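J.: Just one file: upload26.cif, with mmCIF, C-alpha atoms and all ligand atoms.
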```
data_input
#
loop_
_atom_site.label_atom_id
_atom_site.label_comp_id
_atom_site.auth_asym_id
_atom_site.auth_seq_id
_atom_site.Cartn_x
_atom_site.Cartn_y
_atom_site.Cartn_z
CA MET A 1 -28.89 -14.34 -13.53
CA SER A 2 -26.64 -11.38 -14.50
CA PRO A 3 -22.92 -11.96 -14.03
CA ASP A 4 -21.14 -10.19 -11.16
CA PRO A 5 -19.85 -6.76 -12.27
CA GLN A 6 -16.13 -6.63 -12.87
CA ARG A 7 -14.32 -5.43 -9.77
CA VAL A 8 -12.35 -2.17 -9.95
CA ALA A 9 -9.19 -1.39 -7.96
CA LEU A 10 -6.98 1.63 -7.45
CA VAL A 11 -3.33 0.94 -6.60
CA THR A 12 -1.20 3.90 -5.53
CA GLY A 13 2.56 3.62 -5.76
CA GLY A 14 1.57 1.38 -8.62
CA ALA A 15 4.28 2.24 -11.11
CA ARG A 16 6.97 0.11 -9.49
CA GLY A 17 7.97 -2.21 -6.66
CA LEU A 18 5.35 -3.79 -4.44
CA GLY A 19 2.53 -1.60 -5.78
CA LEU A 20 3.16 -2.74 -9.35
CA ALA A 21 3.33 -6.38 -8.24
CA CYS A 22 -0.06 -5.95 -6.52
CA ALA A 23 -1.54 -4.25 -9.59
CA ARG A 24 -0.40 -7.10 -11.82
CA LYS A 25 -1.72 -9.76 -9.45
CA LEU A 26 -5.14 -8.12 -9.19
CA ALA A 27 -5.27 -7.69 -12.98
CA GLN A 28 -4.45 -11.41 -13.39
CA GLU A 29 -7.45 -12.12 -11.18
CA GLY A 30 -9.72 -10.21 -13.56
CA VAL A 31 -9.91 -6.93 -11.63
CA ARG A 32 -9.89 -3.70 -13.67
CA VAL A 33 -6.88 -2.02 -12.14
CA HIS A 34 -6.15 1.70 -12.14
CA LEU A 35 -2.63 2.81 -11.21
CA ALA A 36 -1.60 6.07 -9.64
CA TYR A 37 1.98 7.25 -9.98
CA ARG A 38 3.89 10.41 -9.02
CA SER A 39 6.97 10.73 -11.21
CA ALA A 40 6.71 10.73 -14.97
CA GLY A 41 9.21 8.61 -16.91
CA ALA A 42 9.70 6.40 -19.91
CA HIS A 43 8.12 3.44 -18.06
CA ILE A 44 4.73 5.16 -17.82
CA ALA A 45 3.95 4.70 -21.53
CA ALA A 46 4.51 0.95 -21.14
CA LEU A 47 2.23 0.89 -18.10
CA GLU A 48 -0.43 2.82 -20.04
CA ARG A 49 -0.38 0.01 -22.60
CA GLU A 50 -0.29 -2.77 -20.01
CA PHE A 51 -3.20 -1.34 -17.99
CA GLY A 52 -5.35 -0.16 -20.89
CA GLY A 53 -4.78 3.54 -20.23
CA ARG A 54 -6.00 3.30 -16.64
CA VAL A 55 -2.94 5.14 -15.33
CA HIS A 56 -3.17 8.47 -13.47
CA GLN A 57 -0.59 10.97 -12.32
CA ALA A 58 -1.24 12.19 -8.77
CA ASP A 59 0.70 13.34 -5.74
CA VAL A 60 -1.22 11.51 -3.02
CA GLU A 61 -0.06 13.94 -0.35
CA ARG A 62 -2.29 16.58 -1.99
CA GLU A 63 -6.01 16.73 -1.28
CA GLY A 64 -6.69 18.40 -4.65
CA ASP A 65 -4.98 15.55 -6.49
CA TRP A 66 -7.15 13.05 -4.63
CA ALA A 67 -10.33 14.92 -5.63
CA ARG A 68 -9.24 14.83 -9.28
CA LEU A 69 -8.09 11.20 -9.16
CA ALA A 70 -11.27 9.95 -7.47
CA GLY A 71 -13.37 12.01 -9.90
CA GLU A 72 -11.58 10.64 -12.98
CA LEU A 73 -11.78 7.07 -11.79
CA LEU A 74 -15.44 7.16 -10.80
CA ALA A 75 -16.45 9.04 -13.95
CA HIS A 76 -14.80 6.26 -15.94
CA GLU A 77 -15.88 3.20 -13.95
CA GLY A 78 -18.82 4.25 -11.81
CA ARG A 79 -17.53 2.09 -8.97
CA LEU A 80 -14.48 1.24 -6.87
CA ASP A 81 -14.09 -2.05 -5.01
CA HIS A 82 -10.48 -2.09 -3.80
CA PHE A 83 -8.03 0.56 -2.64
CA VAL A 84 -4.42 -0.63 -2.30
CA HIS A 85 -2.18 2.14 -0.95
CA ALA A 86 1.42 1.09 -1.58
CA VAL A 87 2.99 4.54 -1.13
CA GLY A 88 5.28 4.89 1.88
CA GLU A 89 8.76 6.38 1.87
CA TYR A 90 11.49 4.88 4.04
CA GLU A 91 14.29 6.60 5.95
CA HIS A 92 17.13 4.87 7.72
CA GLY A 93 19.06 6.18 10.69
CA PRO A 94 18.97 7.04 14.39
CA LEU A 95 16.57 9.71 15.59
CA ALA A 96 19.52 11.98 16.44
CA GLU A 97 20.13 12.28 12.71
CA VAL A 98 16.52 12.87 11.64
CA SER A 99 15.55 16.47 10.87
CA GLY A 100 12.12 17.97 11.55
CA PRO A 101 11.34 18.27 7.82
CA THR A 102 12.29 14.61 7.31
CA LEU A 103 9.90 13.51 10.06
CA GLN A 104 7.18 15.69 8.56
CA ARG A 105 7.83 14.21 5.10
CA LEU A 106 7.60 10.64 6.43
CA PHE A 107 4.29 11.36 8.13
CA ALA A 108 2.91 13.21 5.10
CA ASN A 109 3.95 10.40 2.77
CA ASN A 110 2.95 7.42 4.91
CA VAL A 111 0.05 8.71 7.01
CA VAL A 112 -1.53 11.86 5.56
CA SER A 113 -1.62 10.35 2.07
CA ALA A 114 -3.61 7.37 3.35
CA PHE A 115 -5.95 9.62 5.31
CA LEU A 116 -6.65 11.74 2.23
CA GLY A 117 -7.12 8.64 0.09
CA VAL A 118 -9.61 6.94 2.37
CA SER A 119 -11.47 10.23 2.80
CA ALA A 120 -11.75 10.74 -0.97
CA LEU A 121 -12.72 7.13 -1.73
CA ARG A 122 -14.97 6.37 1.27
CA PRO A 123 -18.35 6.92 -0.47
CA ALA A 124 -17.38 4.67 -3.39
CA LEU A 125 -15.94 1.99 -1.10
CA ARG A 126 -19.07 2.03 1.05
CA ALA A 127 -21.24 1.75 -2.05
CA SER A 128 -19.39 -1.38 -3.19
CA ARG A 129 -18.76 -2.76 0.35
CA GLY A 130 -15.14 -2.77 -0.73
CA THR A 131 -11.70 -3.28 0.77
CA VAL A 132 -8.68 -1.20 1.72
CA VAL A 133 -5.15 -2.56 2.07
CA LEU A 134 -2.52 -0.34 3.67
CA PHE A 135 1.22 -0.98 3.93
CA GLY A 136 2.97 -1.15 7.30
CA CYS A 137 6.31 -2.81 7.95
CA ALA A 138 7.52 -5.89 9.81
CA GLY A 139 6.96 -5.63 13.56
CA VAL A 140 4.75 -2.54 13.22
CA ASP A 141 2.23 -3.89 15.71
CA SER A 142 4.79 -4.45 18.47
CA ALA A 143 5.49 -0.73 19.18
CA ARG A 144 9.11 -1.55 20.01
CA ALA A 145 12.05 0.86 20.07
CA ARG A 146 13.83 0.91 16.70
CA ARG A 147 17.48 1.81 16.54
CA ASP A 148 17.56 1.75 12.76
CA ALA A 149 14.42 3.40 11.41
CA ALA A 150 12.36 4.81 14.28
CA ALA A 151 10.93 7.80 12.40
CA TYR A 152 9.67 5.59 9.57
CA VAL A 153 8.25 2.99 11.97
CA ALA A 154 6.59 5.75 14.01
CA ALA A 155 4.77 6.87 10.85
CA LYS A 156 3.77 3.27 10.04
CA THR A 157 2.55 2.85 13.64
CA ALA A 158 0.36 5.94 13.30
CA LEU A 159 -0.98 4.45 10.07
CA LEU A 160 -1.76 1.20 11.90
CA VAL A 161 -3.90 3.10 14.44
CA LEU A 162 -5.78 4.71 11.56
CA ALA A 163 -6.14 1.33 9.83
CA ARG A 164 -7.65 -0.34 12.88
CA SER A 165 -9.91 2.66 13.53
CA TRP A 166 -11.10 2.67 9.92
CA ALA A 167 -11.72 -1.07 10.17
CA GLN A 168 -13.92 -0.47 13.20
CA GLU A 169 -15.74 2.56 11.75
CA GLU A 170 -16.32 1.12 8.30
CA ALA A 171 -17.38 -2.37 9.33
CA GLU A 172 -21.04 -1.41 9.54
CA HIS A 173 -20.77 -0.22 5.93
CA GLY A 174 -19.31 -3.53 4.81
CA VAL A 175 -15.87 -2.05 4.10
CA ARG A 176 -12.90 -4.10 5.31
CA VAL A 177 -9.57 -2.42 6.11
CA ASN A 178 -6.37 -4.39 6.63
CA MET A 179 -2.63 -3.82 6.70
CA VAL A 180 0.21 -5.88 5.31
CA ALA A 181 3.55 -5.74 7.08
CA PRO A 182 6.36 -6.64 4.67
CA GLY A 183 9.82 -7.47 5.91
CA LEU A 184 12.77 -7.17 3.54
CA VAL A 185 11.49 -7.31 -0.03
CA PRO A 186 14.15 -6.21 -2.51
CA HIS A 187 13.26 -4.97 -5.96
CA GLU A 188 14.86 -2.70 -8.52
CA HIS A 189 14.06 0.52 -6.62
CA ALA A 190 13.94 -0.70 -3.01
CA SER A 191 16.17 0.66 -0.24
CA GLU A 192 19.66 -0.86 -0.06
CA ASP A 193 18.71 -2.03 3.44
CA THR A 194 16.64 -4.78 1.82
CA LEU A 195 19.92 -6.23 0.47
CA ASP A 196 21.83 -6.17 3.77
CA PRO A 197 23.15 -9.72 4.44
CA ALA A 198 23.35 -8.98 8.18
CA LEU A 199 19.61 -8.37 8.17
CA TRP A 200 18.92 -11.43 6.01
CA GLN A 201 20.60 -13.57 8.67
CA ARG A 202 17.90 -12.59 11.14
CA ILE A 203 15.08 -13.90 8.95
CA PRO A 204 13.93 -17.31 10.20
CA LEU A 205 12.93 -18.47 6.71
CA GLY A 206 16.49 -17.62 5.64
CA ARG A 207 15.81 -15.33 2.69
CA PRO A 208 14.22 -11.99 1.78
CA GLY A 209 10.74 -11.85 0.33
CA GLU A 210 9.72 -11.40 -3.28
CA PRO A 211 7.20 -8.81 -4.49
CA HIS A 212 4.78 -11.49 -5.71
CA GLU A 213 4.65 -12.90 -2.16
CA VAL A 214 3.34 -9.55 -0.95
CA ALA A 215 0.98 -9.24 -3.91
CA ASP A 216 -0.54 -12.67 -3.20
CA VAL A 217 -1.52 -11.58 0.33
CA VAL A 218 -2.86 -8.23 -0.89
CA ALA A 219 -4.99 -10.01 -3.48
CA TRP A 220 -6.30 -12.35 -0.79
CA LEU A 221 -7.18 -9.42 1.49
CA SER A 222 -8.99 -7.85 -1.48
CA SER A 223 -11.00 -10.99 -2.19
CA GLN A 224 -14.05 -12.76 -0.79
CA ALA A 225 -11.70 -15.45 0.53
CA SER A 226 -10.88 -13.07 3.40
CA SER A 227 -14.49 -11.92 3.92
CA TYR A 228 -14.29 -12.16 7.74
CA VAL A 229 -10.89 -10.45 8.08
CA THR A 230 -10.75 -6.78 9.01
CA GLY A 231 -8.45 -4.71 11.21
CA ALA A 232 -5.72 -7.31 10.73
CA VAL A 233 -2.00 -6.80 10.30
CA VAL A 234 -0.57 -9.58 8.15
CA PRO A 235 3.20 -10.00 8.48
CA ILE A 236 4.91 -10.99 5.21
CA ALA A 237 8.39 -11.18 6.57
CA GLY A 238 9.57 -14.78 6.70
CA GLY A 239 9.33 -14.68 10.48
CA TRP A 240 11.53 -11.58 10.86
CA MET A 241 10.70 -9.52 13.98
CA LEU A 242 8.84 -12.35 15.70
N1 LIG B 301 10.19 -3.12 -0.16
C1 LIG B 301 10.27 -3.43 1.13
O1 LIG B 301 11.17 -4.18 1.56
C2 LIG B 301 9.26 -2.91 2.13
C3 LIG B 301 9.37 -3.32 3.45
C4 LIG B 301 8.44 -2.87 4.39
C5 LIG B 301 7.43 -2.02 3.99
N2 LIG B 301 7.35 -1.61 2.71
C6 LIG B 301 6.26 -0.69 2.35
O2 LIG B 301 5.59 -1.19 1.22
C7 LIG B 301 5.14 -0.12 0.39
C8 LIG B 301 5.68 -0.29 -1.01
O3 LIG B 301 7.08 -0.44 -0.93
P1 LIG B 301 8.04 -0.34 -2.20
O4 LIG B 301 9.33 -0.93 -1.79
O5 LIG B 301 7.34 -0.84 -3.40
O6 LIG B 301 8.20 1.26 -2.30
P2 LIG B 301 8.90 2.15 -3.41
O7 LIG B 301 9.77 1.36 -4.33
O8 LIG B 301 9.49 3.31 -2.67
O9 LIG B 301 7.66 2.66 -4.29
C9 LIG B 301 6.76 3.54 -3.77
C10 LIG B 301 6.01 4.20 -4.89
O10 LIG B 301 5.19 5.19 -4.31
C11 LIG B 301 5.26 6.37 -5.08
N3 LIG B 301 5.05 7.56 -4.27
C12 LIG B 301 5.79 7.97 -3.22
N4 LIG B 301 5.29 9.12 -2.75
C13 LIG B 301 4.23 9.44 -3.53
C14 LIG B 301 3.33 10.52 -3.55
N5 LIG B 301 3.41 11.52 -2.67
N6 LIG B 301 2.36 10.52 -4.48
C15 LIG B 301 2.25 9.51 -5.37
N7 LIG B 301 3.09 8.45 -5.42
C16 LIG B 301 4.07 8.44 -4.50
C17 LIG B 301 6.67 6.37 -5.63
O11 LIG B 301 6.69 7.19 -6.76
P3 LIG B 301 8.01 7.96 -7.26
O12 LIG B 301 8.51 7.11 -8.38
O13 LIG B 301 7.53 9.28 -7.69
O14 LIG B 301 8.96 8.06 -6.10
C18 LIG B 301 6.90 4.90 -5.91
O15 LIG B 301 6.48 4.57 -7.21
C19 LIG B 301 5.59 1.16 1.10
O16 LIG B 301 4.56 1.63 1.92
C20 LIG B 301 6.74 0.70 1.96
O17 LIG B 301 6.94 1.53 3.09
C21 LIG B 301 8.25 -2.02 1.76
#
```
Using structure tokens, write down the structure that the file contains.
T.:
Amino acid sequence: MSPDPQRVALVTGGARGLGLACARKLAQEGVRVHLAYRSAGAHIAALEREFGGRVHQADVEREGDWARLAGELLAHEGRLDHFVHAVGEYEHGPLAEVSGPTLQRLFANNVVSAFLGVSALRPALRASRGTVVLFGCAGVDSARARRDAAAYVAAKTALLVLARSWAQEEAEHGVRVNMVAPGLVPHEHASEDTLDPALWQRIPLGRPGEPHEVADVVAWLSSQASSYVTGAVVPIAGGWML
């Protein structure tokens, strides 16, 4: 019997934070991981070494970049099993202080980027009966008013509707689509809000999350262990927003 082919993943937002933690976790599990990043910097050379050169520059808000990225990846690997889309800019503040361009940026970054990604990768994901993991935020499925970050949560809520709709549409092709909903997960580049002690006090488990705790769930959603899970939103928030 021939061994199973090595699985291939693409992780966007993969050069830092939660995306990088997911990329490392999947790589530990034997997946060939490709990273996509936006901003060049000294850290990219180290990532090139760590991920065997499978590192691509792309602005995922641009359809042309998606065509190039998908083309490069598939020319190299011939398959794609997992798409982990960890891009998603955050903006704090009441709606009265949010400008039109800011709202448009949040939707372009959180929603349009995912739409373009799934559109570009759909044939490959169908061919492999693969998985998609999208990033929401804690409480995204409750559609509550948000005093602190309504524009951001509105974009994540729109993404959730797409995620569930993709889950429904793609099920017959064997593609599973799920969303993780992190709470406060500080890391070197995360928003200062993740370090706010007043917010920490509202977390039932009494502490913020760690990037590896998000990565563990993403790896599970990308594995056969979750083979009957699609259209789900998995909170990773220590009970925050229950
Ligand atoms: N950390 C948390 O506490 C938390 C909580 C709830 C939800 N989330 C969600 O989880 C996901 C990951 O969070 P994070 O904290 O790791 O985010 P992060 O530190 O802001 O990292 C996001 C990455 O995405 C990249 N990116 C942004 N826009 C891009 C674009 N147009 N094209 C290509 N790459 C782009 C950024 O690249 P640049 O270096 O170029 O900016 C950055 O490397 C996001 O969707 C976020 O909304 C995070």
J.: Just checking: using all atoms listed in the file, which residue out of A:Gly71, A:Gly30, A:Gly206, A:Gly13 ends up closest to ligand LIG 301 (chain B)?
T.: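 The answer is A:Gly13, which sits nearest to ligand LIG 301 (chain B).
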J.: In Å, with one decimal, what is the gap from atom O3 of ligand LIG 301 (chain B) to CA of Ala158 (chain A)?
T.: 17.0 Å
J.: Could I get the residue neighbourhood of ligand LIG 301 (chain B) at 9 Å, counting all atoms listed in the file, as number ranges by chain?
T.: A: 12-21, 36-41, 57-62, 85-90, 108-110, 113, 134-138, 152, 156, 180-191, 193-194, 208-211, 214, 236-237
J.: Taking into account all atoms listed in the file, which residue in the set A:Val161, A:Ala151, A:Val233, A:Val33 is nearest to Gly100 (chain A)?
T.: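 Answer, going by the shortest atom-to-atom distance: A:Ala151.
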J.: Could you tell me how far CA of Asp81 (chain A) sits from CA of Glu50 (chain A), in Å to one decimal place?
T.: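 These two atoms are separated by 20.4 Å.
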J.: Of the residues A:Gly130, A:Gly231, A:Gly238, A:Gly52, which is the one nearest to Gly174 (chain A), using all atoms listed in the file?
T.: A:Gly130
J.: For Leu26 (chain A), work out the shell of residues within 12 Å, counting only C-alpha atoms and skipping chain neighbours fewer than 3 positions away, then give it as a ChimeraX atom specification.
T.: /A:6-11,14,19-23,29-35,51,81-84,212,214-223
J.: The selected residues should be written to file as a PDB file, in the frame of the given file (atoms: C-alpha atoms).
T.:
```pdb
ATOM      1  CA  GLN A   6     -16.130  -6.630 -12.870  1.00  0.00           C
ATOM      2  CA  ARG A   7     -14.320  -5.430  -9.770  1.00  0.00           C
ATOM      3  CA  VAL A   8     -12.350  -2.170  -9.950  1.00  0.00           C
ATOM      4  CA  ALA A   9      -9.190  -1.390  -7.960  1.00  0.00           C
ATOM      5  CA  LEU A  10      -6.980   1.630  -7.450  1.00  0.00           C
ATOM      6  CA  VAL A  11      -3.330   0.940  -6.600  1.00  0.00           C
ATOM      7  CA  GLY A  14       1.570   1.380  -8.620  1.00  0.00           C
ATOM      8  CA  GLY A  19       2.530  -1.600  -5.780  1.00  0.00           C
ATOM      9  CA  LEU A  20       3.160  -2.740  -9.350  1.00  0.00           C
ATOM     10  CA  ALA A  21       3.330  -6.380  -8.240  1.00  0.00           C
ATOM     11  CA  CYS A  22      -0.060  -5.950  -6.520  1.00  0.00           C
ATOM     12  CA  ALA A  23      -1.540  -4.250  -9.590  1.00  0.00           C
ATOM     13  CA  GLU A  29      -7.450 -12.120 -11.180  1.00  0.00           C
ATOM     14  CA  GLY A  30      -9.720 -10.210 -13.560  1.00  0.00           C
ATOM     15  CA  VAL A  31      -9.910  -6.930 -11.630  1.00  0.00           C
ATOM     16  CA  ARG A  32      -9.890  -3.700 -13.670  1.00  0.00           C
ATOM     17  CA  VAL A  33      -6.880  -2.020 -12.140  1.00  0.00           C
ATOM     18  CA  HIS A  34      -6.150   1.700 -12.140  1.00  0.00           C
ATOM     19  CA  LEU A  35      -2.630   2.810 -11.210  1.00  0.00           C
ATOM     20  CA  PHE A  51      -3.200  -1.340 -17.990  1.00  0.00           C
ATOM     21  CA  ASP A  81     -14.090  -2.050  -5.010  1.00  0.00           C
ATOM     22  CA  HIS A  82     -10.480  -2.090  -3.800  1.00  0.00           C
ATOM     23  CA  PHE A  83      -8.030   0.560  -2.640  1.00  0.00           C
ATOM     24  CA  VAL A  84      -4.420  -0.630  -2.300  1.00  0.00           C
ATOM     25  CA  HIS A 212       4.780 -11.490  -5.710  1.00  0.00           C
ATOM     26  CA  VAL A 214       3.340  -9.550  -0.950  1.00  0.00           C
ATOM     27  CA  ALA A 215       0.980  -9.240  -3.910  1.00  0.00           C
ATOM     28  CA  ASP A 216      -0.540 -12.670  -3.200  1.00  0.00           C
ATOM     29  CA  VAL A 217      -1.520 -11.580   0.330  1.00  0.00           C
ATOM     30  CA  VAL A 218      -2.860  -8.230  -0.890  1.00  0.00           C
ATOM     31  CA  ALA A 219      -4.990 -10.010  -3.480  1.00  0.00           C
ATOM     32  CA  TRP A 220      -6.300 -12.350  -0.790  1.00  0.00           C
ATOM     33  CA  LEU A 221      -7.180  -9.420   1.490  1.00  0.00           C
ATOM     34  CA  SER A 222      -8.990  -7.850  -1.480  1.00  0.00           C
ATOM     35  CA  SER A 223     -11.000 -10.990  -2.190  1.00  0.00           C
TER      36      SER A 223
END
```
J.: May I have the residues within 8 Å of Val177 (chain A) as a list of chain:residue names, using only C-alpha atoms and disregarding those fewer than 5 positions away in the same chain?
T.: A:Thr131, A:Val132, A:Val133, A:Leu134, A:Ala163, A:Arg164, A:Trp166, A:Ala167, A:Glu170, A:Thr230, A:Gly231, A:Ala232
J.: Any chance you could work out the axis-aligned box around region 135-150 of chain A, listed atoms only, 6 Å on each side, giving centre and edge lengths in Å to one decimal, as AutoDock Vina command-line options?
T.:
```
--center_x 9.4 --center_y -0.5 --center_z 12.0 --size_x 28.3 --size_y 22.7 --size_z 28.1
```
J.: One decimal, Å: what's the distance from CA of Val234 (chain A) over to CA of Arg144 (chain A), could you say?
T.: 17.3 Å
J.: Have a look at A:Val153, A:Ala198, A:Ala171, A:Leu242 and name the one nearest to Pro94 (chain A); count only C-alpha atoms.
T.: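 Between A:Val153, A:Ala198, A:Ala171, A:Leu242, the residue approaching Pro94 (chain A) most closely is A:Val153.
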J.: With distances taken over all atoms listed in the file, which residue among A:Ser227, A:Met179, A:Leu116, A:Arg105 lies nearest Leu69 (chain A)?
T.: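 Nearest to Leu69 (chain A): A:Leu116.
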J.: Using only C-alpha atoms, which residue out of A:Val118, A:Arg147, A:Leu125, A:Leu199 lies closest to Ser165 (chain A)?
T.: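 The answer is A:Val118, which sits nearest to Ser165 (chain A).
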J.: Hey, can you pull every residue with an atom no more than 9 Å from (-11.7, 10.5, -2.3), using only C-alpha atoms, and send it as number ranges by chain?
T.: A: 63, 66-71, 116-124
